[in-house]
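Engineer: Below is one structure. I have some questions about it.
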Amino acid sequence: MNQTSKPASILLIYTGGTIGMIQNPETGALENFNFDHLLLHVPEIRQFNLDIFSIAFNPPIDSSDMNAECWAELVGIIYSNYEQYDGFVILHGTDTMAFTASALSFMLEGLMKPVILTGSQLPIGALRTDGKENLLTAIEIAAAKNPDGTPIVPEVCVFFHEKLMRGNRTTKISAENFDAFESNNYPILAHSGIEIQYHRHFIKPYDPNAVLTPHYKMNTDIIIFSLFPGMQPQVVKKILQGKWLKGIIFRTFGSGNAPRAKWLTKALAKATEAGKIIVNITQCSTGSVKMNLYETGLQLLEAGIISGHDSTVEAALTKLMYLMGQGLKPETIRETMNRSLAGEISVTNEE
Ligand code: ASP
């Protein structure tokens, strides 16, 4: 930053989660504490040459309680503060952080400022906390600009344990390690060591003409259904026939395979005929769905199931909620699921 330019301004949005919790000395339980205490525990924040403001969910929530209304609230906060701030840092529990990051990447269409989600495995007051490092680096990334003043990372990301990742590519992979998130099917966007090294080639390019269009509606008439050997036909059929059900994230084996049992293919075909959208996502943590590789996948294609490509479950689920929330026709949703909207799948949209 040159000497005369104004310090970047950052809005910290505290939703809850371990990062802001403190141990109740009487019960030993972790409880949310006031956001001002966060500043007390991390006085280093004041050393940044930045204007930092904060806002908190009231009350803060454990991220297990996150839902589509909370995502809409976050969208509203970012949209109404978009012009005033250069970047946003969302402090969030780790458990559902990948879902929130994915949802926001679709709901904040045309975003051209950093929205960095972070949290921690140990409360910020704990001696060996990972929260301090995560918070300070997330702030630095949210404020980082190119020499021409444009943001280096104009997209929704998760920063956790030295890695900056595209938000809709992340998954929580560990309940105990500090290195708790992975971006299995997309390279990391930056690595923080002594310096923060940005891998610019993988970061969404800045578009000066983009306009932020907030979306608040998510349709949650969805389930995640995971295949396993020994499934009971009557249970599966009952679920797929559910009148309320509009979308299914169908977690299959390997490269997108399912048992060849006639009852299953029939039940799936019936569900798609009824206008339900079924998206094939592999149970493997890396790699992509390729339904035309084996007969066990081909029959799914024939039943009208669409490929989730190399999407995470979190991204496929929230993308489907978002598209269904727009009130689009099933054909349009099917077609759009095959295109990348926010870098969530590795396909070229010209295909
Ligand atoms: N249960 C907590 C949450 O997700 C765990 C965490 O913050 O890491 O809110």
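Lettering and numbering for the structure tokens are positional, with chains as A, B, ... in the shown order, residues counted from 1 in each chain, and ligands counted from 1 in the shown order.
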Find the residues around Lys238 in chain A up to 10 Å (only C-alpha atoms counted), leave out those fewer than 5 positions away in its own chain, and share them as a ChimeraX atom specification.
Structural biologist: /A:233,243,267
Engineer: Around ligand 1, out to 6 Å and counting only C-alpha atoms and all ligand atoms, which residues are there? I want them as a PyMOL selection string.
Structural biologist: chain A and resi 17-18+62-64+93-96+120-121
Engineer: Show me a table, sorted first by chain and then by increasing residue number, of the residues of range 137-174 of chain A having an atom at most 12 Å from range 286-307 of chain A, each with its shortest atom pair and the distance in Å to one decimal, counting only C-alpha atoms and written as CSV.
Structural biologist:
```
residue,atom,partner,partner_atom,distance
A:Arg169,CA,A:Thr286,CA,11.0
A:Thr170,CA,A:Thr286,CA,11.5
A:Thr171,CA,A:Thr286,CA,11.0
```
Engineer: For the residues in the current selection, export all heavy atoms as a short mmCIF file (atom, residue, chain, number, x, y, z; two decimals), in the first residue's frame.
Structural biologist:
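Printed below is out_19.cif as written:
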```cif
data_model
loop_
_atom_site.label_atom_id
_atom_site.label_comp_id
_atom_site.auth_asym_id
_atom_site.auth_seq_id
_atom_site.Cartn_x
_atom_site.Cartn_y
_atom_site.Cartn_z
N ARG A 169 -14.93 -25.52 -2.79
CA ARG A 169 -14.16 -26.73 -3.05
C ARG A 169 -13.73 -27.40 -1.76
O ARG A 169 -13.02 -28.41 -1.77
CB ARG A 169 -12.91 -26.38 -3.86
CG ARG A 169 -13.19 -25.88 -5.27
CD ARG A 169 -13.68 -27.01 -6.13
NE ARG A 169 -13.70 -26.68 -7.54
CZ ARG A 169 -13.54 -27.58 -8.50
NH1 ARG A 169 -13.37 -28.86 -8.20
NH2 ARG A 169 -13.59 -27.23 -9.75
N THR A 170 -14.13 -26.82 -0.62
CA THR A 170 -13.60 -27.32 0.66
C THR A 170 -14.51 -28.35 1.32
O THR A 170 -15.72 -28.37 1.11
CB THR A 170 -13.38 -26.17 1.67
OG1 THR A 170 -14.64 -25.52 1.85
CG2 THR A 170 -12.35 -25.19 1.20
N THR A 171 -13.87 -29.16 2.16
CA THR A 171 -14.55 -30.15 2.98
C THR A 171 -13.80 -30.22 4.31
O THR A 171 -12.57 -30.15 4.31
CB THR A 171 -14.46 -31.53 2.30
OG1 THR A 171 -15.10 -31.43 1.03
CG2 THR A 171 -15.14 -32.63 3.09
#
```
Engineer: Write out as JSON lines a residue-level contact list of range 210-267 of chain A versus range 311-325 of chain A with cut-off 12 Å: for each qualifying residue the closest pair of atoms and the distance in Å to one decimal, counting only C-alpha atoms, rows sorted by chain and residue number upward.
Structural biologist:
```
{"residue": "A:Pro214", "atom": "CA", "partner": "A:Tyr322", "partner_atom": "CA", "distance": 11.4}
{"residue": "A:His215", "atom": "CA", "partner": "A:Tyr322", "partner_atom": "CA", "distance": 8.2}
{"residue": "A:Tyr216", "atom": "CA", "partner": "A:Gly325", "partner_atom": "CA", "distance": 8.4}
{"residue": "A:Lys217", "atom": "CA", "partner": "A:Gly325", "partner_atom": "CA", "distance": 5.1}
{"residue": "A:Met218", "atom": "CA", "partner": "A:Gly325", "partner_atom": "CA", "distance": 4.4}
{"residue": "A:Asn219", "atom": "CA", "partner": "A:Gly325", "partner_atom": "CA", "distance": 4.5}
{"residue": "A:Thr220", "atom": "CA", "partner": "A:Met321", "partner_atom": "CA", "distance": 5.7}
{"residue": "A:Asp221", "atom": "CA", "partner": "A:Met321", "partner_atom": "CA", "distance": 7.8}
{"residue": "A:Ile222", "atom": "CA", "partner": "A:Met321", "partner_atom": "CA", "distance": 7.4}
{"residue": "A:Ile223", "atom": "CA", "partner": "A:Leu317", "partner_atom": "CA", "distance": 8.4}
{"residue": "A:Ile224", "atom": "CA", "partner": "A:Leu317", "partner_atom": "CA", "distance": 7.7}
{"residue": "A:Phe225", "atom": "CA", "partner": "A:Val313", "partner_atom": "CA", "distance": 10.6}
{"residue": "A:Ser226", "atom": "CA", "partner": "A:Val313", "partner_atom": "CA", "distance": 10.7}
{"residue": "A:Leu245", "atom": "CA", "partner": "A:Met324", "partner_atom": "CA", "distance": 11.5}
{"residue": "A:Lys246", "atom": "CA", "partner": "A:Met324", "partner_atom": "CA", "distance": 8.2}
{"residue": "A:Gly247", "atom": "CA", "partner": "A:Leu320", "partner_atom": "CA", "distance": 7.2}
{"residue": "A:Ile248", "atom": "CA", "partner": "A:Leu317", "partner_atom": "CA", "distance": 8.3}
{"residue": "A:Ile249", "atom": "CA", "partner": "A:Leu317", "partner_atom": "CA", "distance": 6.5}
{"residue": "A:Phe250", "atom": "CA", "partner": "A:Val313", "partner_atom": "CA", "distance": 9.3}
{"residue": "A:Arg251", "atom": "CA", "partner": "A:Val313", "partner_atom": "CA", "distance": 8.3}
{"residue": "A:Thr252", "atom": "CA", "partner": "A:Val313", "partner_atom": "CA", "distance": 11.3}
```
Engineer: For Val158 in chain A, which residue among A:Glu44, A:Glu140, A:Glu182, A:Glu69 is the nearest when counting only C-alpha atoms?
Structural biologist: A:Glu182
Engineer: Can you build me a table of range 90-207 of chain A residues sitting at most 9 Å from range 338-342 of chain A, with the closest atom pair per residue and its distance in Å to one decimal, using only C-alpha atoms, sorted by chain and residue number, as a Markdown table?
Structural biologist:
```
| residue | atom | partner | partner_atom | distance |
| --- | --- | --- | --- | --- |
| A:Ser105 | CA | A:Ala342 | CA | 6.2 |
| A:Phe106 | CA | A:Ala342 | CA | 6.6 |
| A:Glu109 | CA | A:Ala342 | CA | 8.3 |
| A:Glu155 | CA | A:Ala342 | CA | 8.6 |
| A:Asn168 | CA | A:Ala342 | CA | 7.9 |
| A:Lys204 | CA | A:Ala342 | CA | 8.6 |
```
Engineer: Would you list, as a PyMOL selection string, the residues of range 95-263 of chain A that end up in strand (DSSP E or B) under DSSP run on this structure's backbone?
Structural biologist: chain A and resi 108-109+115-118+145+151+156-160+163-166+171-172+181-182+190-192+196-198+213-214+222-226+247-253+257
Engineer: Now that the selection is made, can you save its residues with C-alpha atoms as a PDB file, in the first residue's frame?
Structural biologist:
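Result file follows (result-v4.pdb):
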```pdb
ATOM      1  CA  LEU A 108     -23.393 -13.688  -3.854  1.00  0.00           C
ATOM      2  CA  GLU A 109     -23.513 -13.582  -7.638  1.00  0.00           C
ATOM      3  CA  VAL A 115     -15.152 -13.025   1.649  1.00  0.00           C
ATOM      4  CA  ILE A 116     -12.884 -15.189   3.799  1.00  0.00           C
ATOM      5  CA  LEU A 117     -14.324 -17.740   6.214  1.00  0.00           C
ATOM      6  CA  THR A 118     -12.222 -18.996   9.068  1.00  0.00           C
ATOM      7  CA  LYS A 145      -4.739  -5.682  -3.000  1.00  0.00           C
ATOM      8  CA  PRO A 151      -8.481  -7.198  -4.540  1.00  0.00           C
ATOM      9  CA  VAL A 156     -15.541 -16.654  -1.283  1.00  0.00           C
ATOM     10  CA  CYS A 157     -12.728 -18.639   0.364  1.00  0.00           C
ATOM     11  CA  VAL A 158     -11.925 -20.673   3.425  1.00  0.00           C
ATOM     12  CA  PHE A 159      -8.633 -19.928   5.141  1.00  0.00           C
ATOM     13  CA  PHE A 160      -7.502 -22.609   7.551  1.00  0.00           C
ATOM     14  CA  LYS A 163      -4.135 -22.791   3.264  1.00  0.00           C
ATOM     15  CA  LEU A 164      -6.391 -20.448   1.360  1.00  0.00           C
ATOM     16  CA  MET A 165      -8.959 -22.513  -0.541  1.00  0.00           C
ATOM     17  CA  ARG A 166     -11.859 -21.750  -2.859  1.00  0.00           C
ATOM     18  CA  THR A 171     -14.554 -30.151   2.982  1.00  0.00           C
ATOM     19  CA  LYS A 172     -13.852 -30.580   6.674  1.00  0.00           C
ATOM     20  CA  PHE A 181      -9.885 -28.624   5.677  1.00  0.00           C
ATOM     21  CA  GLU A 182      -9.026 -29.919   2.270  1.00  0.00           C
ATOM     22  CA  ALA A 190      -2.548 -19.361  -1.495  1.00  0.00           C
ATOM     23  CA  HIS A 191      -0.175 -20.752   1.076  1.00  0.00           C
ATOM     24  CA  SER A 192       0.820 -18.794   4.140  1.00  0.00           C
ATOM     25  CA  ILE A 196       1.547 -15.360   1.831  1.00  0.00           C
ATOM     26  CA  GLN A 197       2.134 -16.850  -1.592  1.00  0.00           C
ATOM     27  CA  TYR A 198      -0.814 -16.401  -3.909  1.00  0.00           C
ATOM     28  CA  THR A 213     -26.509  -9.497  -7.124  1.00  0.00           C
ATOM     29  CA  PRO A 214     -27.600 -11.018  -3.819  1.00  0.00           C
ATOM     30  CA  ILE A 222     -33.546 -31.833  -0.679  1.00  0.00           C
ATOM     31  CA  ILE A 223     -31.865 -34.902   0.781  1.00  0.00           C
ATOM     32  CA  ILE A 224     -28.398 -36.394   0.596  1.00  0.00           C
ATOM     33  CA  PHE A 225     -28.788 -40.087  -0.059  1.00  0.00           C
ATOM     34  CA  SER A 226     -25.737 -42.317   0.293  1.00  0.00           C
ATOM     35  CA  GLY A 247     -33.776 -32.704  -5.206  1.00  0.00           C
ATOM     36  CA  ILE A 248     -31.499 -35.585  -4.293  1.00  0.00           C
ATOM     37  CA  ILE A 249     -27.742 -35.570  -3.901  1.00  0.00           C
ATOM     38  CA  PHE A 250     -27.123 -39.196  -4.740  1.00  0.00           C
ATOM     39  CA  ARG A 251     -23.815 -40.428  -3.309  1.00  0.00           C
ATOM     40  CA  THR A 252     -22.624 -43.288  -5.425  1.00  0.00           C
ATOM     41  CA  PHE A 253     -19.657 -45.647  -5.484  1.00  0.00           C
ATOM     42  CA  ASN A 257     -21.725 -46.314  -9.937  1.00  0.00           C
TER      43      ASN A 257
END
```
Engineer: Between CA of Ser183 in chain A and CA of Phe48 in chain A, what distance in Å does the model show, to one decimal?
Structural biologist: 28.8 Å
Engineer: For the structure I just gave you, how does DSSP split range 13-204 of chain A - specifically, which residues are alpha helix (DSSP H)? Reply as a ChimeraX atom specification.
Structural biologist: /A:35-41,68-81,97-107,131-143
Engineer: Could you give me, as a ChimeraX atom specification, the residues within 10 Å of Asp36 in chain A, counting only C-alpha atoms and dropping anything in the same chain fewer than 3 positions from it?
Structural biologist: /A:20,33,39-41,54
Engineer: List as a short mmCIF file (atom, residue, chain, number, x, y, z; two decimals) with N, CA and C atoms, in the first residue's frame the protein and nucleic acid residues near Gly119 in chain A, meaning an atom at most 7 Å away when only C-alpha atoms are counted, but skip any in the same chain fewer than 2 places from it.
Structural biologist:
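This is the output file out-v5.cif:
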```cif
data_model
loop_
_atom_site.label_atom_id
_atom_site.label_comp_id
_atom_site.auth_asym_id
_atom_site.auth_seq_id
_atom_site.Cartn_x
_atom_site.Cartn_y
_atom_site.Cartn_z
N ILE A 19 -13.94 -20.77 17.70
CA ILE A 19 -12.98 -19.66 17.71
C ILE A 19 -13.35 -18.59 18.74
N LEU A 91 -16.20 -15.29 10.80
CA LEU A 91 -15.76 -16.27 11.81
C LEU A 91 -16.89 -17.26 12.00
N HIS A 92 -16.57 -18.52 11.84
CA HIS A 92 -17.63 -19.54 11.70
C HIS A 92 -17.15 -20.83 12.34
N GLY A 93 -18.05 -21.59 12.92
CA GLY A 93 -17.68 -22.92 13.42
C GLY A 93 -17.19 -23.77 12.27
N THR A 94 -16.30 -24.69 12.58
CA THR A 94 -15.70 -25.47 11.48
C THR A 94 -16.65 -26.54 10.93
N GLY A 131 -6.61 -20.40 16.51
CA GLY A 131 -7.54 -19.35 16.10
C GLY A 131 -6.86 -18.04 15.77
N ASN A 134 -5.19 -18.19 12.33
CA ASN A 134 -6.22 -18.24 11.29
C ASN A 134 -6.89 -16.88 11.11
#
```
Engineer: Can you tell me, as a PDB file with N, CA and C atoms, in the first residue's frame, what residues are no more than 10 Å from Ser9 in chain A when counting only C-alpha atoms, ignoring any on the same chain fewer than 5 positions away?
Structural biologist:
```pdb
ATOM      1  N   ASN A  49      -2.513  -1.949   9.851  1.00  0.00           N
ATOM      2  CA  ASN A  49      -2.891  -0.616   9.404  1.00  0.00           C
ATOM      3  C   ASN A  49      -4.186  -0.744   8.592  1.00  0.00           C
ATOM      4  N   LEU A  50      -5.230  -1.114   9.303  1.00  0.00           N
ATOM      5  CA  LEU A  50      -6.504  -1.391   8.642  1.00  0.00           C
ATOM      6  C   LEU A  50      -7.625  -0.813   9.486  1.00  0.00           C
ATOM      7  N   ASP A  51      -8.729  -0.489   8.849  1.00  0.00           N
ATOM      8  CA  ASP A  51      -9.925  -0.114   9.607  1.00  0.00           C
ATOM      9  C   ASP A  51     -10.762  -1.374   9.738  1.00  0.00           C
ATOM     10  N   ILE A  52     -10.842  -1.889  10.969  1.00  0.00           N
ATOM     11  CA  ILE A  52     -11.580  -3.136  11.174  1.00  0.00           C
ATOM     12  C   ILE A  52     -12.822  -2.877  12.023  1.00  0.00           C
ATOM     13  N   PHE A  53     -13.948  -3.317  11.505  1.00  0.00           N
ATOM     14  CA  PHE A  53     -15.206  -3.187  12.239  1.00  0.00           C
ATOM     15  C   PHE A  53     -15.784  -4.582  12.410  1.00  0.00           C
ATOM     16  N   GLN A  84     -18.990  -0.094   1.532  1.00  0.00           N
ATOM     17  CA  GLN A  84     -18.147   0.505   2.591  1.00  0.00           C
ATOM     18  C   GLN A  84     -16.869  -0.267   2.864  1.00  0.00           C
ATOM     19  N   TYR A  85     -16.852  -1.546   2.566  1.00  0.00           N
ATOM     20  CA  TYR A  85     -15.699  -2.363   2.981  1.00  0.00           C
ATOM     21  C   TYR A  85     -14.939  -2.942   1.796  1.00  0.00           C
ATOM     22  N   ASP A  86     -13.626  -3.141   2.022  1.00  0.00           N
ATOM     23  CA  ASP A  86     -12.785  -3.740   0.975  1.00  0.00           C
ATOM     24  C   ASP A  86     -12.816  -5.260   1.039  1.00  0.00           C
ATOM     25  N   GLY A  87     -13.109  -5.798   2.221  1.00  0.00           N
ATOM     26  CA  GLY A  87     -13.134  -7.252   2.351  1.00  0.00           C
ATOM     27  C   GLY A  87     -13.910  -7.665   3.589  1.00  0.00           C
ATOM     28  N   PHE A  88     -14.292  -8.929   3.620  1.00  0.00           N
ATOM     29  CA  PHE A  88     -15.117  -9.462   4.711  1.00  0.00           C
ATOM     30  C   PHE A  88     -14.461 -10.729   5.257  1.00  0.00           C
ATOM     31  N   ILE A 139      -7.609 -11.977   7.915  1.00  0.00           N
ATOM     32  CA  ILE A 139      -7.776 -10.515   7.794  1.00  0.00           C
ATOM     33  C   ILE A 139      -6.789  -9.966   6.758  1.00  0.00           C
ATOM     34  N   ALA A 142      -7.993 -10.786   3.318  1.00  0.00           N
ATOM     35  CA  ALA A 142      -9.194 -10.019   2.943  1.00  0.00           C
ATOM     36  C   ALA A 142      -8.828  -8.584   2.560  1.00  0.00           C
ATOM     37  N   ALA A 143      -7.700  -8.108   3.084  1.00  0.00           N
ATOM     38  CA  ALA A 143      -7.298  -6.721   2.803  1.00  0.00           C
ATOM     39  C   ALA A 143      -6.301  -6.631   1.652  1.00  0.00           C
TER      40      ALA A 143
END
```
Engineer: Excluding same-chain residues fewer than 3 positions from Thr100 in chain A, what lies within 8 Å of it counting only C-alpha atoms, as a ChimeraX atom specification?
Structural biologist: /A:66,71,96-97,103-104
Engineer: Could you save the residues just selected, with C-alpha atoms, as a compact mmCIF listing (two decimals), in the first residue's frame?
Structural biologist:
```
# COMPACT_ATOMS: atom_id res chain seq x y z
CA MET A 66 -26.49 -23.13 10.52
CA TRP A 71 -26.98 -17.84 4.96
CA THR A 96 -20.48 -26.65 8.61
CA MET A 97 -18.09 -24.00 7.33
CA ALA A 103 -23.80 -21.50 -0.30
CA LEU A 104 -22.38 -17.96 -0.24
```
